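**Q** Contents of start_35.csv (CSV, C-alpha atoms) are below:
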chain,number,residue,atom,x,y,z
T,453,MET,CA,41.7,-3.9,115.7
T,454,PRO,CA,42.6,-5.5,112.4
T,455,LEU,CA,46.0,-6.8,113.6
T,456,ARG,CA,44.3,-8.5,116.5
T,457,ARG,CA,41.8,-10.1,114.2
T,458,LEU,CA,44.5,-11.3,111.9
T,459,TYR,CA,46.4,-12.7,114.7
T,460,ARG,CA,43.3,-14.5,116.1
T,461,LEU,CA,42.6,-16.0,112.6
T,462,GLN,CA,46.1,-17.3,112.3
T,463,ARG,CA,46.0,-18.8,115.7
T,464,ALA,CA,42.6,-20.4,115.0
T,465,ARG,CA,44.0,-21.9,111.8
T,466,LEU,CA,47.0,-23.3,113.5
T,467,THR,CA,45.0,-24.8,116.3
T,468,ALA,CA,42.5,-26.3,113.8
T,469,THR,CA,45.2,-28.3,111.8
T,470,PRO,CA,46.3,-31.5,113.7
T,471,LEU,CA,49.9,-31.6,114.5
T,472,THR,CA,51.9,-34.5,112.8
T,473,LEU,CA,55.3,-35.5,113.9
T,474,ARG,CA,57.7,-37.0,111.3
T,475,PRO,CA,60.6,-38.7,112.8
T,476,ALA,CA,64.0,-37.9,111.1
T,477,LEU,CA,65.7,-40.8,109.3
T,478,GLY,CA,69.0,-41.9,110.5
T,479,TRP,CA,71.9,-43.3,108.4
T,480,ARG,CA,70.4,-46.8,108.5
T,481,GLY,CA,67.1,-45.6,107.1
T,482,ARG,CA,68.8,-43.6,104.3
T,483,ALA,CA,71.0,-46.7,103.5
T,484,TRP,CA,67.9,-48.9,103.3
T,485,ARG,CA,66.2,-46.3,101.1
T,486,VAL,CA,69.2,-46.3,98.8
T,487,LEU,CA,69.3,-50.1,98.8
T,488,VAL,CA,65.6,-50.3,97.9
T,489,CYS,CA,66.1,-47.8,95.0
T,490,LEU,CA,69.1,-49.7,93.7
T,491,SER,CA,67.2,-53.0,94.0
T,492,ALA,CA,64.3,-51.5,92.0
T,493,LEU,CA,66.7,-50.2,89.3
T,494,ALA,CA,68.4,-53.6,89.2
T,495,LEU,CA,65.1,-55.4,88.9
T,496,ALA,CA,64.1,-53.0,86.1
T,497,PHE,CA,67.4,-53.6,84.3
T,498,VAL,CA,67.0,-57.4,84.6
T,499,ALA,CA,63.5,-57.3,83.4
T,500,GLY,CA,64.5,-55.1,80.4
T,501,ASP,CA,67.4,-57.4,79.6
T,502,TRP,CA,65.2,-60.5,79.7
T,503,PHE,CA,62.6,-58.9,77.5
T,504,GLY,CA,65.2,-57.6,75.1
T,505,GLY,CA,66.9,-61.1,75.0
T,506,ARG,CA,63.6,-62.7,74.4
T,507,GLN,CA,62.9,-60.4,71.5
T,508,ALA,CA,66.4,-61.0,70.1
T,509,ARG,CA,65.9,-64.8,70.4
T,510,GLU,CA,62.6,-64.6,68.6
T,511,LEU,CA,64.2,-62.5,65.8
T,512,ALA,CA,67.2,-64.9,65.5
T,513,ARG,CA,64.8,-67.9,65.4
T,514,GLN,CA,62.8,-66.2,62.7
T,515,GLN,CA,65.9,-65.3,60.7
T,516,TRP,CA,67.2,-68.9,61.1
T,517,GLN,CA,63.9,-70.3,59.8
T,518,ASP,CA,64.0,-67.8,56.9
T,519,LYS,CA,67.5,-68.9,56.1
T,520,ILE,CA,66.5,-72.6,56.2
T,521,VAL,CA,63.6,-71.8,53.8
T,522,ALA,CA,66.0,-69.9,51.5
T,523,ASN,CA,68.5,-72.7,51.5
T,524,ALA,CA,65.8,-75.2,50.7
T,525,ALA,CA,64.6,-73.0,47.8
T,526,GLY,CA,68.2,-72.6,46.6
T,527,GLN,CA,68.9,-76.4,46.8
T,528,SER,CA,65.7,-77.0,44.8
T,529,GLN,CA,66.8,-74.5,42.2
T,530,ARG,CA,70.3,-76.1,42.0
T,531,ASP,CA,68.7,-79.6,41.6
T,532,SER,CA,66.5,-78.3,38.8
T,533,LEU,CA,69.5,-76.7,37.1
T,534,ALA,CA,71.5,-79.9,37.5
T,535,ALA,CA,68.7,-82.0,36.0
T,536,GLN,CA,68.4,-79.5,33.1
T,537,SER,CA,72.2,-79.7,32.6
T,538,VAL,CA,72.1,-83.6,32.6
T,539,ALA,CA,69.2,-83.5,30.1
T,540,ALA,CA,71.1,-81.0,27.9
T,541,GLN,CA,74.2,-83.2,28.0
T,542,GLN,CA,72.2,-86.3,27.0
T,543,ARG,CA,70.7,-84.4,24.1
T,544,PHE,CA,74.1,-83.2,23.0
T,545,GLU,CA,75.5,-86.8,23.2
T,546,VAL,CA,72.5,-88.0,21.1
T,547,SER,CA,73.1,-85.3,18.6
T,548,GLU,CA,76.8,-86.0,18.5
T,549,ALA,CA,76.2,-89.7,17.9
T,550,ALA,CA,73.7,-88.9,15.2
T,551,ARG,CA,76.2,-86.5,13.6
T,552,LYS,CA,79.0,-89.1,13.7
T,553,ALA,CA,76.6,-91.7,12.2
T,554,LEU,CA,75.7,-89.3,9.4
T,555,ALA,CA,79.4,-88.5,8.8
T,556,ALA,CA,80.1,-92.2,8.5
T,557,GLN,CA,77.3,-92.7,6.1
T,558,LEU,CA,78.5,-89.7,4.1
T,559,ALA,CA,82.0,-91.1,4.0
T,560,ASP,CA,80.7,-94.4,2.8
T,561,ALA,CA,78.6,-92.8,0.2
T,562,GLN,CA,81.6,-90.7,-1.0
T,563,GLN,CA,83.7,-93.8,-1.1
T,564,GLN,CA,81.1,-95.6,-3.1
T,565,LEU,CA,80.8,-92.6,-5.4
T,566,ALA,CA,84.5,-92.5,-6.0
T,567,GLY,CA,84.5,-96.2,-6.8
T,568,GLN,CA,81.6,-95.7,-9.3
T,569,GLN,CA,83.4,-92.7,-10.8
T,570,GLN,CA,86.5,-94.8,-11.2
T,571,ARG,CA,84.7,-97.6,-12.9
T,572,LEU,CA,82.9,-95.1,-15.1
T,573,ALA,CA,86.2,-93.5,-16.1
T,574,PHE,CA,87.6,-97.0,-16.8
T,575,PHE,CA,84.7,-97.9,-19.1
T,576,GLU,CA,84.9,-94.5,-20.8
T,577,THR,CA,88.6,-95.1,-21.4
T,578,LEU,CA,87.8,-98.5,-22.9
T,579,LEU,CA,85.3,-97.0,-25.3
T,580,THR,CA,87.6,-94.2,-26.4
T,581,ARG,CA,90.9,-96.1,-26.8
T,582,ASN,CA,91.8,-96.9,-30.3
T,583,GLU,CA,94.9,-99.0,-29.8
T,584,ARG,CA,93.1,-102.3,-29.4
T,585,ASN,CA,95.5,-104.3,-31.6
T,586,ARG,CA,98.2,-104.6,-28.8
T,587,PRO,CA,98.2,-107.8,-26.7
T,588,VAL,CA,97.8,-105.8,-23.5
T,589,GLU,CA,97.7,-102.2,-22.5
T,590,LEU,CA,97.7,-100.1,-19.3
T,591,VAL,CA,94.9,-97.7,-20.1
T,592,ARG,CA,94.9,-95.9,-16.7
T,593,CYS,CA,97.6,-95.3,-14.0
T,594,ASP,CA,97.1,-93.2,-10.9
T,595,PHE,CA,99.8,-92.2,-8.4
T,596,GLU,CA,99.0,-90.6,-5.1
T,597,PRO,CA,101.3,-89.7,-2.2
T,598,VAL,CA,99.8,-90.9,1.1
T,599,GLY,CA,102.6,-90.0,3.5
T,600,GLU,CA,106.3,-89.4,3.8
T,601,GLY,CA,108.0,-91.7,1.4
T,602,ARG,CA,104.8,-93.6,0.7
T,603,TRP,CA,102.9,-93.7,-2.7
T,604,ARG,CA,99.7,-95.5,-3.6
T,605,TRP,CA,99.2,-96.6,-7.2
T,606,ARG,CA,96.2,-97.9,-9.2
T,607,VAL,CA,96.3,-99.6,-12.6
T,608,LEU,CA,93.6,-100.5,-15.2
T,609,ALA,CA,94.7,-102.9,-17.9
T,610,THR,CA,93.0,-104.3,-21.0
T,611,GLN,CA,93.7,-107.0,-23.6
T,612,GLY,CA,93.6,-106.5,-27.3
T,613,ALA,CA,90.5,-107.3,-29.3
T,614,GLY,CA,89.8,-110.9,-30.1
T,615,ARG,CA,91.9,-112.4,-27.3
T,616,ASP,CA,90.0,-114.9,-25.2
T,617,ALA,CA,92.9,-116.4,-23.2
T,618,ALA,CA,93.4,-114.8,-19.8
T,619,PHE,CA,96.5,-112.7,-19.3
T,620,ALA,CA,98.9,-113.6,-16.5
T,621,GLY,CA,102.0,-111.4,-15.7
T,622,GLN,CA,103.6,-109.0,-13.3
T,623,LEU,CA,103.8,-105.3,-12.7
T,624,LEU,CA,107.3,-104.1,-12.1
T,625,PRO,CA,107.4,-100.8,-10.2
T,626,SER,CA,110.5,-98.6,-10.2
T,627,ALA,CA,111.4,-95.1,-9.1
T,628,THR,CA,114.0,-92.6,-10.2
T,629,LEU,CA,115.4,-90.7,-7.2
T,630,ARG,CA,117.7,-87.8,-6.6
T,631,GLU,CA,119.7,-87.6,-3.4
T,632,GLY,CA,121.8,-84.5,-3.5
T,633,SER,CA,123.7,-84.5,-6.7
T,634,THR,CA,123.2,-88.2,-7.2
T,635,ARG,CA,120.5,-89.8,-9.3
T,636,ARG,CA,119.7,-93.4,-9.0
T,637,ARG,CA,117.0,-95.9,-10.1
T,638,LEU,CA,115.3,-98.0,-7.5
T,639,ASP,CA,113.5,-101.3,-8.5
T,640,LEU,CA,110.8,-102.4,-6.1
T,641,ALA,CA,108.9,-105.7,-5.5
T,642,ALA,CA,106.8,-107.0,-8.4
T,643,THR,CA,103.0,-107.3,-8.1
T,644,PRO,CA,101.2,-110.2,-9.9
T,645,LEU,CA,98.4,-109.3,-12.3
T,646,ALA,CA,96.0,-111.7,-14.0
T,647,PHE,CA,92.8,-110.9,-15.8
T,648,ARG,CA,90.7,-111.6,-18.8
T,649,HIS,CA,89.7,-108.8,-21.2
T,650,TYR,CA,90.2,-106.1,-18.5
T,651,GLY,CA,91.4,-106.0,-14.9
T,652,SER,CA,92.6,-103.6,-12.2
T,653,THR,CA,94.9,-103.7,-9.2
T,654,GLU,CA,96.6,-101.4,-6.8
T,655,GLY,CA,99.5,-101.3,-4.4
T,656,GLU,CA,101.8,-99.1,-2.3
T,657,LEU,CA,105.4,-98.0,-2.7
T,658,THR,CA,107.8,-97.1,0.1
T,659,LEU,CA,110.6,-94.8,-0.9
T,660,PRO,CA,113.4,-93.1,1.0
T,661,VAL,CA,112.0,-90.1,2.8
T,662,ALA,CA,115.1,-87.9,2.2
T,663,ALA,CA,115.2,-88.6,-1.6
T,664,LYS,CA,113.5,-86.4,-4.2
T,665,VAL,CA,111.1,-88.5,-6.4
T,666,GLU,CA,111.6,-87.6,-10.1
T,667,ARG,CA,109.8,-90.4,-11.7
T,668,ILE,CA,107.7,-93.4,-10.8
T,669,GLU,CA,107.1,-96.1,-13.5
T,670,LEU,CA,105.2,-99.3,-13.8
T,671,LYS,CA,106.0,-101.9,-16.4
T,672,LEU,CA,103.8,-104.8,-17.3
T,673,VAL,CA,105.5,-108.1,-18.4
T,674,SER,CA,104.1,-111.5,-19.1
T,675,GLU,CA,105.1,-114.7,-17.2
T,676,LYS,CA,106.8,-116.1,-20.3
T,677,ASP,CA,108.5,-113.0,-21.6
T,678,LYS,CA,110.2,-110.4,-19.4
T,679,GLN,CA,110.1,-107.8,-22.1
T,680,PRO,CA,107.7,-104.9,-21.2
T,681,LEU,CA,104.4,-105.1,-23.0
T,682,ALA,CA,103.1,-101.8,-21.6
T,683,SER,CA,104.2,-99.2,-19.2
T,684,CYS,CA,103.0,-96.0,-17.5
T,685,ASN,CA,104.7,-93.3,-15.3
T,686,ASN,CA,104.0,-90.3,-13.3
T,687,GLN,CA,106.6,-87.6,-14.1
T,688,GLN,CA,107.0,-85.5,-10.9
T,689,GLY,CA,108.3,-82.0,-10.5
T,690,GLU,CA,109.1,-80.3,-7.2
T,691,LEU,CA,107.5,-82.1,-4.3
Could you rewrite the structure in this file as structure tokens?

**A**
Amino acid sequence: MPLRRLYRLQRARLTATPLTLRPALGWRGRAWRVLVCLSALALAFVAGDWFGGRQARELARQQWQDKIVANAAGQSQRDSLAAQSVAAQQRFEVSEAARKALAAQLADAQQQLAGQQQRLAFFETLLTRNERNRPVELVRCDFEPVGEGRWRWRVLATQGAGRDAAFAGQLLPSATLREGSTRRRLDLAATPLAFRHYGSTEGELTLPVAAKVERIELKLVSEKDKQPLASCNNQQGEL
């Protein structure tokens, strides 16, 4: 019968397979199994943390080395810029010293030129003056304000033709001042003047600062006679 044959085949299969017995785990076994699993997980976590820390330390060390290299490069660049700045400062100082030296030379040359022009003007005046019969004459007078209440003056004087004796006298400066509605004359200290044929001198006047200068005059007198032999003035308007 087919059912009997099927039954016999199943029984033969069951008898052919060896019987294995698996003991059931108690609570202690399950606890050990859980403990082992947790230990494996902890070990894996520790290993991963150690490996990750190692990688982080390597990365930090590499970044630190890169930072040291970058700082060294930056310091080298700063040193180079500082050296360039010092060199530029030195070049500027040299240029400034050269400029000041040239300015001083130019001022000296201008001063010499002014002196030459003054002497040239003096000799031109000597050539063009016709009043040579007077004993002495002031052929040129210059007045220049140099500060509050201070005036500088320059005088060129000549003797008349045919006079070989040297002239000796004094220049008497005076100023006409106006202070409010009052006008007054101020006589200043005399300046000696001695020359032969021609001579020049200069001086400085100190006047009241608050006063208005209307006129500055220079009179030339001899040592023997106090009568003015020559005079010149600078008529001033509004100052």

**Q** When you draw a straight line from atom CA of T:Ala522 to atom CA of T:Ala534, how long is it in Å?

**A**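 Those two atoms sit 18.1 Å apart.
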
**Q** For T:Ala620, please output as a CSV table (one decimal) with C-alpha atoms, keeping the file's coordinate frame all residues within 7 Å (counting all atoms listed in the file; exclusion window: fewer than 4 positions along the same chain).

**A**
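Writing the result to around_18.csv gives the following:
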chain,number,residue,atom,x,y,z
T,645,LEU,CA,98.4,-109.3,-12.3
T,646,ALA,CA,96.0,-111.7,-14.0
T,647,PHE,CA,92.8,-110.9,-15.8
T,674,SER,CA,104.1,-111.5,-19.1
T,675,GLU,CA,105.1,-114.7,-17.2

**Q** Which distance in Å separates atom CA of T:Thr658 and atom CA of T:Trp605, to one decimal?

**A**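 Here the two named atoms are 11.3 Å from each other.
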
**Q** Enter the distance from atom CA of T:Arg648 to atom CA of T:Gln564, in Å, rounded to one decimal.

**A**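 Result for atom CA of T:Arg648 versus atom CA of T:Gln564: 24.4 Å, one decimal.
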
**Q** Any idea what's packed within 12 Å of T:Lys676, counting all atoms listed in the file, ignoring anything in its chain fewer than 4 positions away? Could you give it as a PyMOL selection string?

**A** chain T and resi 619-622+680-681

**Q** Take the point (117.3, -89.6, -6.9) in the file's coordinates, draw a sphere of radius 12 Å around it, and report as a list of chain:residue names every protein, DNA or RNA residue with an atom inside or on it, counting all atoms listed in the file.

**A**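 Answer for this query, in the requested form: T:Ser626, T:Ala627, T:Thr628, T:Leu629, T:Arg630, T:Glu631, T:Gly632, T:Ser633, T:Thr634, T:Arg635, T:Arg636, T:Arg637, T:Leu638, T:Leu659, T:Pro660, T:Val661, T:Ala662, T:Ala663, T:Lys664, T:Val665, T:Glu666, T:Arg667, T:Ile668, T:Gln688.
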
**Q** Taking into account all atoms listed in the file, which residue in the set T:Cys684, T:Leu670, T:Leu554, T:Val588 is nearest to T:Tyr650?

**A**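 Checking each of T:Cys684, T:Leu670, T:Leu554, T:Val588 against T:Tyr650, counting all atoms listed in the file, the winner is T:Val588.
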
**Q** I'd like to know which of T:Ile520, T:Val673, T:Lys552, T:Ala508 is closest to T:Thr643, using only C-alpha atoms.

**A**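 Closest candidate: T:Val673.
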
**Q** Need the shell around T:His649: protein/DNA/RNA residues with any atom at most 12 Å away, counting only C-alpha atoms. Skip same-chain ones fewer than 2 positions apart. Format as a list in words?

**A**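 Returned residues: Leu578, Arg584, Pro587, Val588, Glu589, Leu590, Leu608, Ala609, Thr610, Gln611, Gly612, Ala613, Gly614, Arg615, Asp616, Ala617, Ala618, Phe619, Ala620, Ala646, Phe647, Gly651 and Ser652 of chain T.
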
**Q** Print the selection's residues with C-alpha atoms to a file, as a PDB file, in the frame of the given file.

**A**
ATOM      1  CA  LEU T 578      87.800 -98.500 -22.900  1.00  0.00           C
ATOM      2  CA  ARG T 584      93.100-102.300 -29.400  1.00  0.00           C
ATOM      3  CA  PRO T 587      98.200-107.800 -26.700  1.00  0.00           C
ATOM      4  CA  VAL T 588      97.800-105.800 -23.500  1.00  0.00           C
ATOM      5  CA  GLU T 589      97.700-102.200 -22.500  1.00  0.00           C
ATOM      6  CA  LEU T 590      97.700-100.100 -19.300  1.00  0.00           C
ATOM      7  CA  LEU T 608      93.600-100.500 -15.200  1.00  0.00           C
ATOM      8  CA  ALA T 609      94.700-102.900 -17.900  1.00  0.00           C
ATOM      9  CA  THR T 610      93.000-104.300 -21.000  1.00  0.00           C
ATOM     10  CA  GLN T 611      93.700-107.000 -23.600  1.00  0.00           C
ATOM     11  CA  GLY T 612      93.600-106.500 -27.300  1.00  0.00           C
ATOM     12  CA  ALA T 613      90.500-107.300 -29.300  1.00  0.00           C
ATOM     13  CA  GLY T 614      89.800-110.900 -30.100  1.00  0.00           C
ATOM     14  CA  ARG T 615      91.900-112.400 -27.300  1.00  0.00           C
ATOM     15  CA  ASP T 616      90.000-114.900 -25.200  1.00  0.00           C
ATOM     16  CA  ALA T 617      92.900-116.400 -23.200  1.00  0.00           C
ATOM     17  CA  ALA T 618      93.400-114.800 -19.800  1.00  0.00           C
ATOM     18  CA  PHE T 619      96.500-112.700 -19.300  1.00  0.00           C
ATOM     19  CA  ALA T 620      98.900-113.600 -16.500  1.00  0.00           C
ATOM     20  CA  ALA T 646      96.000-111.700 -14.000  1.00  0.00           C
ATOM     21  CA  PHE T 647      92.800-110.900 -15.800  1.00  0.00           C
ATOM     22  CA  GLY T 651      91.400-106.000 -14.900  1.00  0.00           C
ATOM     23  CA  SER T 652      92.600-103.600 -12.200  1.00  0.00           C
TER      24      SER T 652
END

**Q** Provide stretch 477-503 of chain T rebuilt to N, CA, C and O atoms, formatted as a PDB file, in the frame of the given file.

**A**
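The result, written out as selection13.pdb:
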ATOM      1  N   LEU T 477      64.974 -39.575 109.585  1.00  0.00           N
ATOM      2  CA  LEU T 477      65.700 -40.800 109.300  1.00  0.00           C
ATOM      3  C   LEU T 477      67.106 -40.731 109.641  1.00  0.00           C
ATOM      4  O   LEU T 477      67.790 -39.734 109.357  1.00  0.00           O
ATOM      5  N   GLY T 478      67.605 -41.875 110.203  1.00  0.00           N
ATOM      6  CA  GLY T 478      69.000 -41.900 110.500  1.00  0.00           C
ATOM      7  C   GLY T 478      69.812 -42.461 109.295  1.00  0.00           C
ATOM      8  O   GLY T 478      69.288 -42.675 108.212  1.00  0.00           O
ATOM      9  N   TRP T 479      71.066 -42.764 109.520  1.00  0.00           N
ATOM     10  CA  TRP T 479      71.900 -43.300 108.400  1.00  0.00           C
ATOM     11  C   TRP T 479      71.488 -44.627 107.924  1.00  0.00           C
ATOM     12  O   TRP T 479      71.599 -44.967 106.763  1.00  0.00           O
ATOM     13  N   ARG T 480      70.905 -45.430 108.849  1.00  0.00           N
ATOM     14  CA  ARG T 480      70.400 -46.800 108.500  1.00  0.00           C
ATOM     15  C   ARG T 480      69.225 -46.668 107.546  1.00  0.00           C
ATOM     16  O   ARG T 480      69.106 -47.388 106.543  1.00  0.00           O
ATOM     17  N   GLY T 481      68.330 -45.759 107.924  1.00  0.00           N
ATOM     18  CA  GLY T 481      67.100 -45.600 107.100  1.00  0.00           C
ATOM     19  C   GLY T 481      67.507 -45.101 105.693  1.00  0.00           C
ATOM     20  O   GLY T 481      66.963 -45.556 104.687  1.00  0.00           O
ATOM     21  N   ARG T 482      68.417 -44.118 105.671  1.00  0.00           N
ATOM     22  CA  ARG T 482      68.800 -43.600 104.300  1.00  0.00           C
ATOM     23  C   ARG T 482      69.527 -44.735 103.546  1.00  0.00           C
ATOM     24  O   ARG T 482      69.343 -44.840 102.316  1.00  0.00           O
ATOM     25  N   ALA T 483      70.313 -45.607 104.252  1.00  0.00           N
ATOM     26  CA  ALA T 483      71.000 -46.700 103.500  1.00  0.00           C
ATOM     27  C   ALA T 483      69.963 -47.684 102.982  1.00  0.00           C
ATOM     28  O   ALA T 483      70.092 -48.167 101.848  1.00  0.00           O
ATOM     29  N   TRP T 484      68.911 -47.988 103.781  1.00  0.00           N
ATOM     30  CA  TRP T 484      67.900 -48.900 103.300  1.00  0.00           C
ATOM     31  C   TRP T 484      67.139 -48.281 102.092  1.00  0.00           C
ATOM     32  O   TRP T 484      66.779 -48.966 101.134  1.00  0.00           O
ATOM     33  N   ARG T 485      66.885 -46.950 102.213  1.00  0.00           N
ATOM     34  CA  ARG T 485      66.200 -46.300 101.100  1.00  0.00           C
ATOM     35  C   ARG T 485      67.041 -46.387  99.810  1.00  0.00           C
ATOM     36  O   ARG T 485      66.512 -46.677  98.734  1.00  0.00           O
ATOM     37  N   VAL T 486      68.359 -46.150  99.960  1.00  0.00           N
ATOM     38  CA  VAL T 486      69.200 -46.300  98.800  1.00  0.00           C
ATOM     39  C   VAL T 486      69.256 -47.690  98.258  1.00  0.00           C
ATOM     40  O   VAL T 486      69.235 -47.956  97.052  1.00  0.00           O
ATOM     41  N   LEU T 487      69.301 -48.679  99.182  1.00  0.00           N
ATOM     42  CA  LEU T 487      69.300 -50.100  98.800  1.00  0.00           C
ATOM     43  C   LEU T 487      68.061 -50.469  98.033  1.00  0.00           C
ATOM     44  O   LEU T 487      68.102 -51.183  97.030  1.00  0.00           O
ATOM     45  N   VAL T 488      66.914 -49.968  98.554  1.00  0.00           N
ATOM     46  CA  VAL T 488      65.600 -50.300  97.900  1.00  0.00           C
ATOM     47  C   VAL T 488      65.616 -49.677  96.478  1.00  0.00           C
ATOM     48  O   VAL T 488      65.186 -50.303  95.504  1.00  0.00           O
ATOM     49  N   CYS T 489      66.094 -48.458  96.366  1.00  0.00           N
ATOM     50  CA  CYS T 489      66.100 -47.800  95.000  1.00  0.00           C
ATOM     51  C   CYS T 489      67.025 -48.568  94.073  1.00  0.00           C
ATOM     52  O   CYS T 489      66.674 -48.803  92.916  1.00  0.00           O
ATOM     53  N   LEU T 490      68.211 -48.961  94.588  1.00  0.00           N
ATOM     54  CA  LEU T 490      69.100 -49.700  93.700  1.00  0.00           C
ATOM     55  C   LEU T 490      68.530 -51.055  93.318  1.00  0.00           C
ATOM     56  O   LEU T 490      68.699 -51.530  92.190  1.00  0.00           O
ATOM     57  N   SER T 491      67.832 -51.717  94.281  1.00  0.00           N
ATOM     58  CA  SER T 491      67.200 -53.000  94.000  1.00  0.00           C
ATOM     59  C   SER T 491      66.133 -52.826  92.885  1.00  0.00           C
ATOM     60  O   SER T 491      65.993 -53.665  91.974  1.00  0.00           O
ATOM     61  N   ALA T 492      65.363 -51.744  93.007  1.00  0.00           N
ATOM     62  CA  ALA T 492      64.300 -51.500  92.000  1.00  0.00           C
ATOM     63  C   ALA T 492      64.951 -51.244  90.622  1.00  0.00           C
ATOM     64  O   ALA T 492      64.466 -51.750  89.594  1.00  0.00           O
ATOM     65  N   LEU T 493      66.043 -50.472  90.615  1.00  0.00           N
ATOM     66  CA  LEU T 493      66.700 -50.200  89.300  1.00  0.00           C
ATOM     67  C   LEU T 493      67.282 -51.518  88.748  1.00  0.00           C
ATOM     68  O   LEU T 493      67.196 -51.771  87.539  1.00  0.00           O
ATOM     69  N   ALA T 494      67.891 -52.370  89.633  1.00  0.00           N
ATOM     70  CA  ALA T 494      68.400 -53.600  89.200  1.00  0.00           C
ATOM     71  C   ALA T 494      67.362 -54.539  88.611  1.00  0.00           C
ATOM     72  O   ALA T 494      67.523 -55.211  87.578  1.00  0.00           O
ATOM     73  N   LEU T 495      66.214 -54.579  89.339  1.00  0.00           N
ATOM     74  CA  LEU T 495      65.100 -55.400  88.900  1.00  0.00           C
ATOM     75  C   LEU T 495      64.593 -54.910  87.517  1.00  0.00           C
ATOM     76  O   LEU T 495      64.302 -55.707  86.613  1.00  0.00           O
ATOM     77  N   ALA T 496      64.489 -53.570  87.381  1.00  0.00           N
ATOM     78  CA  ALA T 496      64.100 -53.000  86.100  1.00  0.00           C
ATOM     79  C   ALA T 496      65.051 -53.348  84.975  1.00  0.00           C
ATOM     80  O   ALA T 496      64.673 -53.686  83.851  1.00  0.00           O
ATOM     81  N   PHE T 497      66.347 -53.292  85.288  1.00  0.00           N
ATOM     82  CA  PHE T 497      67.400 -53.600  84.300  1.00  0.00           C
ATOM     83  C   PHE T 497      67.306 -55.080  83.875  1.00  0.00           C
ATOM     84  O   PHE T 497      67.392 -55.421  82.694  1.00  0.00           O
ATOM     85  N   VAL T 498      67.138 -55.965  84.898  1.00  0.00           N
ATOM     86  CA  VAL T 498      67.000 -57.400  84.600  1.00  0.00           C
ATOM     87  C   VAL T 498      65.815 -57.700  83.763  1.00  0.00           C
ATOM     88  O   VAL T 498      65.851 -58.479  82.799  1.00  0.00           O
ATOM     89  N   ALA T 499      64.695 -57.054  84.124  1.00  0.00           N
ATOM     90  CA  ALA T 499      63.500 -57.300  83.400  1.00  0.00           C
ATOM     91  C   ALA T 499      63.638 -56.793  81.914  1.00  0.00           C
ATOM     92  O   ALA T 499      63.222 -57.450  80.967  1.00  0.00           O
ATOM     93  N   GLY T 500      64.249 -55.610  81.778  1.00  0.00           N
ATOM     94  CA  GLY T 500      64.500 -55.100  80.400  1.00  0.00           C
ATOM     95  C   GLY T 500      65.413 -55.981  79.620  1.00  0.00           C
ATOM     96  O   GLY T 500      65.204 -56.224  78.423  1.00  0.00           O
ATOM     97  N   ASP T 501      66.472 -56.481  80.293  1.00  0.00           N
ATOM     98  CA  ASP T 501      67.400 -57.400  79.600  1.00  0.00           C
ATOM     99  C   ASP T 501      66.747 -58.666  79.172  1.00  0.00           C
ATOM    100  O   ASP T 501      66.962 -59.171  78.071  1.00  0.00           O
ATOM    101  N   TRP T 502      65.923 -59.207  80.074  1.00  0.00           N
ATOM    102  CA  TRP T 502      65.200 -60.500  79.700  1.00  0.00           C
ATOM    103  C   TRP T 502      64.267 -60.256  78.587  1.00  0.00           C
ATOM    104  O   TRP T 502      64.205 -61.067  77.657  1.00  0.00           O
ATOM    105  N   PHE T 503      63.534 -59.149  78.626  1.00  0.00           N
ATOM    106  CA  PHE T 503      62.600 -58.900  77.500  1.00  0.00           C
ATOM    107  C   PHE T 503      63.326 -58.632  76.225  1.00  0.00           C
ATOM    108  O   PHE T 503      62.930 -59.137  75.167  1.00  0.00           O
TER     109      PHE T 503
END
